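To keep things clear, I will list the structure first and then write my remarks on it.
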Amino acid sequence: MNSIESQARKLTYVLLAGQSLASAGFIAMATLNPILGARLGGSPGWAGVPSAVYLLGGAFAASLWGELMERFGRRNGISAGLLLGVFGSGLVAASVQVSLLWLFLFGMLLMGFAQSAVTLGRFAAAEVHPPLDRGKAISTVVLGGTFGAVFGPLMVAPSGQFMLASGFDELSGAYVVSMILFALCTLVIFFGLRPDPKDLGRQVSALYPGPVVNGPARPIGEILRQPGALTAVAAMVLGQVVMVAVMVITSLHMSGHDHHLGDISLVISSHTFGMFAFSVVSGWLSDRWGRKPVIVTGAVTLLLACLAAPLSPDVLPLAVALFLLGLGWNFCFVGGSALLADHLSPVERARTQGFNDLLVGLASAAGSFGSGLLFAASGFVLVAGVGVVLSLIPLTLGLWYRPKILAPSSASS
């Protein structure tokens, strides 16, 4: 038993390290995607398109990654995804130099594939821990985003100045940095994620069956008819779409008010800090306080963030609102991930979790694309107003859901 626990801790820390490196790359490029999209597309309406393509790529890849990870293991699947991220970020950096929109969007598509594989790592951490520790395990991996939240945006301006001094477009700097970080992350995951979480997870499930009875995999539709699974998926899907819709357009909103890249990066850094820095808190609360209160708290925080975001275009008010937006997403994401894991047997995990991330990606891609159209049509207030309405859905489901109490099995006793 002690051997399993030590292996689980080691795998979780490897996933944390990988998440830290990858998130820094993803967040660095997220700061510039709307600006570059509007430039290469020729109008503000294109601002949300790059992130939409990126998210659609991640969405459609999620189910595929789920199947591949079930067949070839979590380590090989995540590593393969990161290699696509290396290639994709290189294509985007090249597209900036030659001003080719299609090359930029193709690179974003590949980076979406990479992000999807990395994000599934949170479930790999969950499956090697018993039910009452899953929230903490998930939040530990998500905590890796704190590194990205702090260092990702901070690398945008220096890397841009370096590229400009070297005779290249300053917007290409963040994508070159992302390419290097993805390469380092690939090495960490491929050599460090041993034994494979899939194999260790089956041993853990034998010791901690929990409330899910092992047996043949149920159809996904049957799983989602459970109130707990439905609430979990809704929290992750709608929490993601609200967060993405407001975050994606904030850079362009600030650019329109004559803020420079340093101010924009600061606000995005505040947002991503809220997304990841409090993961330990949300994970601990999810295990001790319960999944439902965490999800409800996250939905309320998202709603408050959307109400606050359009009140002022100044840096400090926007930084506070975007911080709350990230914090609300974190609570919905961690609480929802833990709740979904509670309702799945080992043979259902990869397929159902991949399908969940497919829904998350599709919804957030729609939010990203729609935010650009809404912004072009009416402005930032309309984008935030739609976020308010969507936040009410997971809030209502969370209040309606009546959870069963998790208890250790006799084997764990």
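Residues are referred to by chain and number: the chain letter is A, B, ... according to the order shown in the structure tokens, the number counts from 1 in that chain, and ligands are numbered separately from 1 in the order shown.
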
Find the spatial neighbours of segment 356-362 of chain A, counting only C-alpha atoms, within a cut-off of 9 Å - ignore same-chain residues fewer than 2 positions away - and output them as a PDB file with C-alpha atoms, in the first residue's frame.
ATOM      1  CA  ALA A  52     -12.122  29.175 -31.362  1.00  0.00           C
ATOM      2  CA  TYR A  54      -7.629  26.224 -30.917  1.00  0.00           C
ATOM      3  CA  LEU A  55     -10.522  25.137 -28.702  1.00  0.00           C
ATOM      4  CA  LEU A  56     -12.277  23.219 -31.480  1.00  0.00           C
ATOM      5  CA  GLY A  57      -9.053  21.327 -32.149  1.00  0.00           C
ATOM      6  CA  GLY A  58      -8.852  20.464 -28.471  1.00  0.00           C
ATOM      7  CA  ALA A  59     -12.510  19.509 -28.350  1.00  0.00           C
ATOM      8  CA  PHE A  60     -12.434  17.053 -31.237  1.00  0.00           C
ATOM      9  CA  ALA A  61      -9.103  15.652 -30.107  1.00  0.00           C
ATOM     10  CA  ALA A  62     -10.334  14.969 -26.550  1.00  0.00           C
ATOM     11  CA  SER A  63     -12.281  11.814 -27.376  1.00  0.00           C
ATOM     12  CA  SER A 116      -6.453  18.668 -24.905  1.00  0.00           C
ATOM     13  CA  THR A 119      -5.693  18.791 -19.728  1.00  0.00           C
ATOM     14  CA  LEU A 120      -6.617  15.106 -19.467  1.00  0.00           C
ATOM     15  CA  VAL A 233     -20.300  18.124 -16.755  1.00  0.00           C
ATOM     16  CA  ALA A 234     -22.472  21.271 -16.718  1.00  0.00           C
ATOM     17  CA  MET A 236     -17.079  22.245 -16.341  1.00  0.00           C
ATOM     18  CA  VAL A 237     -18.682  23.007 -19.708  1.00  0.00           C
ATOM     19  CA  LEU A 238     -20.471  26.234 -18.790  1.00  0.00           C
ATOM     20  CA  GLY A 239     -17.745  27.393 -16.420  1.00  0.00           C
ATOM     21  CA  GLN A 240     -15.313  27.054 -19.314  1.00  0.00           C
ATOM     22  CA  VAL A 241     -17.463  28.845 -21.870  1.00  0.00           C
ATOM     23  CA  ARG A 351     -13.831   7.348 -22.800  1.00  0.00           C
ATOM     24  CA  THR A 352     -16.203   9.400 -20.623  1.00  0.00           C
ATOM     25  CA  GLN A 353     -13.581  11.908 -19.547  1.00  0.00           C
ATOM     26  CA  GLY A 354     -12.564  12.373 -23.164  1.00  0.00           C
ATOM     27  CA  SER A 364     -15.666  27.096 -25.096  1.00  0.00           C
ATOM     28  CA  ALA A 365     -14.898  27.297 -28.827  1.00  0.00           C
ATOM     29  CA  ALA A 366     -18.432  28.566 -29.376  1.00  0.00           C
ATOM     30  CA  GLY A 367     -17.862  31.053 -26.570  1.00  0.00           C
TER      31      GLY A 367
END

At a cut-off of 6 Å, can you tabulate as a Markdown table every residue of segment 287-377 of chain A near segment 385-392 of chain A together with its closest atom pair and the distance in Å to one decimal, using only C-alpha atoms and ordering rows by chain then number?
| residue | atom | partner | partner_atom | distance |
| --- | --- | --- | --- | --- |
| A:Ala299 | CA | A:Ser391 | CA | 5.6 |
| A:Leu303 | CA | A:Val388 | CA | 5.1 |
| A:Cys306 | CA | A:Val388 | CA | 5.7 |

Could you please take those selected residues and save N, CA and C atoms as an mmCIF file, in the first residue's frame?
data_model
loop_
_atom_site.group_PDB
_atom_site.id
_atom_site.type_symbol
_atom_site.label_atom_id
_atom_site.label_comp_id
_atom_site.auth_asym_id
_atom_site.auth_seq_id
_atom_site.Cartn_x
_atom_site.Cartn_y
_atom_site.Cartn_z
ATOM 1 N N ALA A 299 -19.846 28.985 -9.448
ATOM 2 C CA ALA A 299 -20.845 29.605 -10.329
ATOM 3 C C ALA A 299 -21.191 31.016 -9.862
ATOM 4 N N LEU A 303 -20.532 34.607 -11.909
ATOM 5 C CA LEU A 303 -21.591 35.590 -12.115
ATOM 6 C C LEU A 303 -21.137 36.975 -11.661
ATOM 7 N N CYS A 306 -18.612 38.523 -14.124
ATOM 8 C CA CYS A 306 -19.220 39.036 -15.356
ATOM 9 C C CYS A 306 -19.966 40.354 -15.114
#

Residues of segment 298-335 of chain A that have any atom at most 9 Å from an atom of segment 284-287 of chain A: could you tabulate them with the shortest-distance atom pair and the distance in Å to one decimal, using only C-alpha atoms, ordered by chain and increasing number, as a Markdown table?
| residue | atom | partner | partner_atom | distance |
| --- | --- | --- | --- | --- |
| A:Phe331 | CA | A:Ser286 | CA | 8.6 |
| A:Val334 | CA | A:Ser286 | CA | 7.7 |
| A:Gly335 | CA | A:Ser286 | CA | 5.8 |

All alpha helix (DSSP H) residues (DSSP, backbone) inside segment 116-204 of chain A, as a ChimeraX atom specification: /A:116-119,121-127,134-143,145-154,156-165,173-192,197-204

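Minimum atom-to-atom distance to Val383 of chain A, evaluated using only C-alpha atoms, belongs to A:Ala309 out of A:Leu100, A:Val142, A:Leu32, A:Ala309.
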
Residue contacts of Val381 of chain A (12 Å, only C-alpha atoms) excluding same-chain residues fewer than 2 positions away, as a JSON list (two decimals) with N, CA and C atoms, in the first residue's frame:
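Produced file result_10.json, reproduced below:
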[["chain", "number", "residue", "atom", "x", "y", "z"],
["A", 245, "ALA", "N", -15.15, 33.16, -22.97],
["A", 245, "ALA", "CA", -15.80, 34.25, -23.69],
["A", 245, "ALA", "C", -15.33, 35.62, -23.20],
["A", 246, "VAL", "N", -15.24, 35.77, -21.89],
["A", 246, "VAL", "CA", -14.83, 37.06, -21.34],
["A", 246, "VAL", "C", -13.32, 37.25, -21.46],
["A", 249, "ILE", "N", -11.78, 38.12, -25.16],
["A", 249, "ILE", "CA", -12.03, 39.43, -25.75],
["A", 249, "ILE", "C", -11.44, 40.56, -24.93],
["A", 250, "THR", "N", -10.98, 40.27, -23.71],
["A", 250, "THR", "CA", -10.46, 41.33, -22.84],
["A", 250, "THR", "C", -9.23, 41.99, -23.44],
["A", 253, "HIS", "N", -10.44, 44.37, -26.01],
["A", 253, "HIS", "CA", -11.16, 45.44, -25.30],
["A", 253, "HIS", "C", -10.17, 46.45, -24.72],
["A", 306, "CYS", "N", -18.61, 38.52, -14.12],
["A", 306, "CYS", "CA", -19.22, 39.04, -15.36],
["A", 306, "CYS", "C", -19.97, 40.35, -15.11],
["A", 307, "LEU", "N", -20.52, 40.51, -13.93],
["A", 307, "LEU", "CA", -21.16, 41.78, -13.58],
["A", 307, "LEU", "C", -20.14, 42.89, -13.41],
["A", 308, "ALA", "N", -18.96, 42.56, -12.87],
["A", 308, "ALA", "CA", -17.95, 43.57, -12.57],
["A", 308, "ALA", "C", -17.11, 43.97, -13.78],
["A", 309, "ALA", "N", -16.88, 43.03, -14.71],
["A", 309, "ALA", "CA", -15.93, 43.26, -15.81],
["A", 309, "ALA", "C", -16.21, 44.51, -16.65],
["A", 310, "PRO", "N", -17.46, 44.80, -17.03],
["A", 310, "PRO", "CA", -17.68, 45.95, -17.90],
["A", 310, "PRO", "C", -17.80, 47.29, -17.17],
["A", 311, "LEU", "N", -17.62, 47.31, -15.85],
["A", 311, "LEU", "CA", -17.85, 48.54, -15.10],
["A", 311, "LEU", "C", -16.80, 49.61, -15.40],
["A", 312, "SER", "N", -15.56, 49.21, -15.69],
["A", 312, "SER", "CA", -14.49, 50.17, -15.96],
["A", 312, "SER", "C", -13.45, 49.55, -16.87],
["A", 313, "PRO", "N", -12.89, 50.35, -17.81],
["A", 313, "PRO", "CA", -11.82, 49.83, -18.67],
["A", 313, "PRO", "C", -10.43, 50.01, -18.07],
["A", 371, "SER", "N", -17.81, 35.41, -28.77],
["A", 371, "SER", "CA", -17.42, 36.64, -28.08],
["A", 371, "SER", "C", -16.91, 37.68, -29.07],
["A", 374, "LEU", "N", -20.04, 39.05, -30.82],
["A", 374, "LEU", "CA", -20.80, 39.90, -29.91],
["A", 374, "LEU", "C", -20.08, 41.22, -29.66],
["A", 375, "PHE", "N", -18.76, 41.13, -29.51],
["A", 375, "PHE", "CA", -17.97, 42.34, -29.28],
["A", 375, "PHE", "C", -18.03, 43.27, -30.49],
["A", 376, "ALA", "N", -17.91, 42.69, -31.67],
["A", 376, "ALA", "CA", -17.96, 43.50, -32.89],
["A", 376, "ALA", "C", -19.34, 44.12, -33.08],
["A", 377, "ALA", "N", -20.37, 43.42, -32.63],
["A", 377, "ALA", "CA", -21.74, 43.91, -32.83],
["A", 377, "ALA", "C", -22.15, 44.95, -31.80],
["A", 378, "SER", "N", -21.74, 44.75, -30.53],
["A", 378, "SER", "CA", -22.27, 45.62, -29.49],
["A", 378, "SER", "C", -21.26, 46.01, -28.42],
["A", 379, "GLY", "N", -20.17, 45.29, -28.28],
["A", 379, "GLY", "CA", -19.17, 45.67, -27.30],
["A", 379, "GLY", "C", -19.04, 44.71, -26.14],
["A", 383, "VAL", "N", -20.96, 40.86, -24.14],
["A", 383, "VAL", "CA", -20.23, 39.62, -23.86],
["A", 383, "VAL", "C", -20.37, 39.25, -22.39],
["A", 384, "ALA", "N", -20.18, 40.23, -21.50],
["A", 384, "ALA", "CA", -20.29, 39.97, -20.06],
["A", 384, "ALA", "C", -21.72, 39.61, -19.67],
["A", 385, "GLY", "N", -22.71, 40.23, -20.32],
["A", 385, "GLY", "CA", -24.10, 39.93, -20.01],
["A", 385, "GLY", "C", -24.48, 38.50, -20.35],
["A", 386, "VAL", "N", -24.00, 38.01, -21.46],
["A", 386, "VAL", "CA", -24.23, 36.60, -21.82],
["A", 386, "VAL", "C", -23.57, 35.69, -20.78],
["A", 387, "GLY", "N", -22.38, 36.09, -20.30],
["A", 387, "GLY", "CA", -21.72, 35.31, -19.26],
["A", 387, "GLY", "C", -22.54, 35.23, -17.99],
["A", 388, "VAL", "N", -23.22, 36.31, -17.63],
["A", 388, "VAL", "CA", -24.09, 36.30, -16.45],
["A", 388, "VAL", "C", -25.19, 35.26, -16.59]]

Which residue is closest to Phe278 of chain A? Choose from A:Tyr13, A:Phe369, A:Phe151, A:Trp329 and count only C-alpha atoms.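 Counting only C-alpha atoms, the residue closest to Phe278 of chain A is A:Trp329.
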
Taking into account only C-alpha atoms, which residue in the set A:Gln19, A:Ser205, A:Ser139, A:Ser95 is nearest to Arg39 of chain A?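 Smallest separation from Arg39 of chain A among the options: A:Ser95.
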
So which one's closest to Gly18 of chain A, A:Ala47, A:Val141, A:Leu91, A:Leu40? Using only C-alpha atoms, please.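 Closest residue, counting only C-alpha atoms: A:Val141.
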
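Among the candidate residues A:Ala157, A:Leu187, A:Leu101, A:Gly45, the one lying nearest to Val86 of chain A is A:Leu187, with distances computed using only C-alpha atoms.
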